[in-house]
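Everything on this sheet refers to the single structure shown next.
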Amino acid sequence: WFPDAVRELDPRSLLTLFPDAEAEMLMLILGRALAGRKDSKVAEGILDHTARAYAVIVGTEAGMGKSTLLGYIRAAMAKMGYHVEDVNSDMNRFGWGAIATSDIATIDDLTDEVQKKLLKDNTVKSIVSSGPVKCEDKGVDAYTVEASTVLIGCSNSTNYSHYIGMDSG
């Protein structure tokens with residue numbers, strides 16, 4: 001249902017900021033966000049995939065366009081009717097229901113400390129694996145949702161030591 005001009009766009013030409021492997025990975029992650037979680041009902045039937053990911057767009061220089069690109073992606077998805085959310089960087093226990101059930105959730109300007117927390121957080125792990133997430137909103141009883149979102153963040157740095165000691169999941 002997209003106009004011919006949109007369908008003829010080359011996604012790689014829109015991601016010139018990235019090396020080939022990273023651009024391909026981002027296209028796969030965005031495809032997962034647009035298609036939906038495993039067992040989603042689509043016009044062609046039921047989706048059967050095991051795609052799961054949490055992306056962090058890293059560029060060591062400020063002003064490269066990471067946040068601008070993420071803003072464009074968010075705006076385009078929202079305009080097409082997708083549910084877009086922000087991840088609260090304070091990482092408290094409230095508000096995860098809206099994040100977990102969105103199509104895409106983003107967090108901009110990740111600090112080293114927040115990146116480490118996100119990578120080790122059990123709620124984030126459940127969200128990334130499209131699993132059940134126990135949610136709590138202020139003044140409301142806890143409830144469980146099946147996660148459907150794709151998480152994408154932006155940062156000016158990364159620290160590979162954050163991955164040490166993570167389980168294989």
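Residues are referred to by chain and number: the chain letter is A, B, ... according to the order shown in the structure tokens, the number counts from 1 in that chain, and ligands are numbered separately from 1 in the order shown.
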
- Close residues, Ile152 of chain A itself excluded, 8 Å, only C-alpha atoms, min 4 positions apart in chain, as a PyMOL selection string: chain A and resi 54-57+104-107

Selection export as a CSV table (one decimal), in the first residue's frame, atoms kept: C-alpha atoms:
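Contents of result-v5.csv, freshly written:
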```
chain,number,residue,atom,x,y,z
A,54,TYR,CA,18.5,-4.9,21.3
A,55,ALA,CA,20.5,-2.4,19.2
A,56,VAL,CA,22.7,0.3,20.4
A,57,ILE,CA,23.8,2.7,17.7
A,104,ILE,CA,9.6,0.1,19.0
A,105,ALA,CA,11.1,1.7,22.2
A,106,THR,CA,14.1,3.9,22.0
A,107,ILE,CA,16.5,5.5,24.5
```

Neighbour list for Ser13 of chain A as a compact mmCIF listing (two decimals) with N, CA and C atoms, in the first residue's frame, cut-off 12 Å, only C-alpha atoms, skip fewer than 6 positions in-chain:
```txt
# COMPACT_ATOMS: atom_id res chain seq x y z
N PRO A 19 28.60 1.25 8.35
CA PRO A 19 29.28 0.24 7.53
C PRO A 19 28.27 -0.81 7.10
N ASP A 20 28.61 -1.62 6.09
CA ASP A 20 27.66 -2.57 5.51
C ASP A 20 27.06 -3.53 6.54
N ALA A 23 24.65 -1.73 8.88
CA ALA A 23 23.44 -1.31 8.16
C ALA A 23 22.51 -2.50 7.95
N GLU A 24 23.09 -3.65 7.57
CA GLU A 24 22.27 -4.84 7.37
C GLU A 24 21.60 -5.27 8.68
N MET A 27 18.75 -2.92 9.43
CA MET A 27 17.60 -3.22 8.56
C MET A 27 16.83 -4.44 9.07
```

- Query: Which neighbours of segment 138-144 of chain A fall inside 12 Å, counting only C-alpha atoms, when residues of the same chain fewer than 3 positions from it are skipped, and could you give them as a count of residues only?
  - Reply: 18

- atom CA of Thr50 of chain A and atom CA of Val114 of chain A, how far apart in Å?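 We find that atom CA of Val114 of chain A and atom CA of Thr50 of chain A lie 26.7 Å from each other.
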
- Determine, counting only C-alpha atoms, which protein, DNA and RNA residues have an atom within 6 Å of an atom of Lys38 of chain A; residues of the same chain fewer than 4 positions away are not included. Present the result as a ChimeraX atom specification. /A:47-49

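Atom to atom, atom CA of Arg12 of chain A and atom CA of Val124 of chain A stand 28.7 Å apart.
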
- Task: Using DSSP on the backbone coordinates, identify the residues of chain A assigned to alpha helix (DSSP H); present them as JSON, numbers by chain.
- Result: {"A": [4, 5, 6, 7, 11, 12, 13, 14, 20, 21, 22, 23, 24, 25, 26, 27, 28, 29, 30, 31, 32, 33, 34, 35, 66, 67, 68, 69, 70, 71, 72, 73, 74, 75, 76, 77, 78, 79, 96, 97, 98, 99, 100, 112, 113, 114, 115, 116, 117, 118, 119, 120, 122, 123, 124, 125, 126, 127, 128]}

- Query: Tell me, which residues of chain A carry DSSP strand (DSSP E or B), written as number ranges by chain?
  - Reply: A: 41-42, 45-46, 54-58, 84-86, 94, 104-110, 132-136, 143-146, 150-155

- Item | Pairwise distance for atom CA of Ser155 of chain A and atom CA of Val84 of chain A, rounded to one decimal in Å |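 Here the two named atoms are 19.3 Å from each other.
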
- Could you name the residues that touch Ser161 of chain A at 12 Å or less, counting only C-alpha atoms, but leaving out those on the same chain fewer than 3 positions away, as a PyMOL selection string? chain A and resi 112-113+115-116+119-120+158+164-166

Selection export as a tab-separated table (two decimals), in the first residue's frame, atoms kept: C-alpha atoms:
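Listing of result_4.tsv after writing:
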```tsv
chain	number	residue	atom	x	y	z
A	112	ASP	CA	27.99	4.18	30.16
A	113	GLU	CA	26.20	3.56	33.46
A	115	GLN	CA	24.07	0.91	29.16
A	116	LYS	CA	25.47	-1.40	31.82
A	119	LEU	CA	22.38	-5.06	29.56
A	120	LYS	CA	22.04	-6.70	32.97
A	158	THR	CA	30.40	1.50	24.50
A	164	ILE	CA	31.45	-10.04	30.78
A	165	GLY	CA	29.48	-12.45	32.94
A	166	MET	CA	26.24	-12.20	30.95
```

- Message: Which residues are near segment 58-70 of chain A? Cut-off 10 Å, only C-alpha atoms, ignore same chain within fewer than 3 positions. Put them as a PyMOL selection string.
- Response: chain A and resi 14-15+17-18+55+73-76+106-110+152-158

- Excluding same-chain residues fewer than 5 positions from Ser102 of chain A, what lies within 10 Å of it counting only C-alpha atoms, as a list of chain:residue names?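 Final neighbour list, sorted by chain and number: A:Ala33, A:Gly36, A:Tyr82, A:His83, A:Val84, A:Glu85, A:Asp86, A:Trp96, A:Gly97, A:Ala147, A:Ser148, A:Thr149, A:Val150, A:Leu151.
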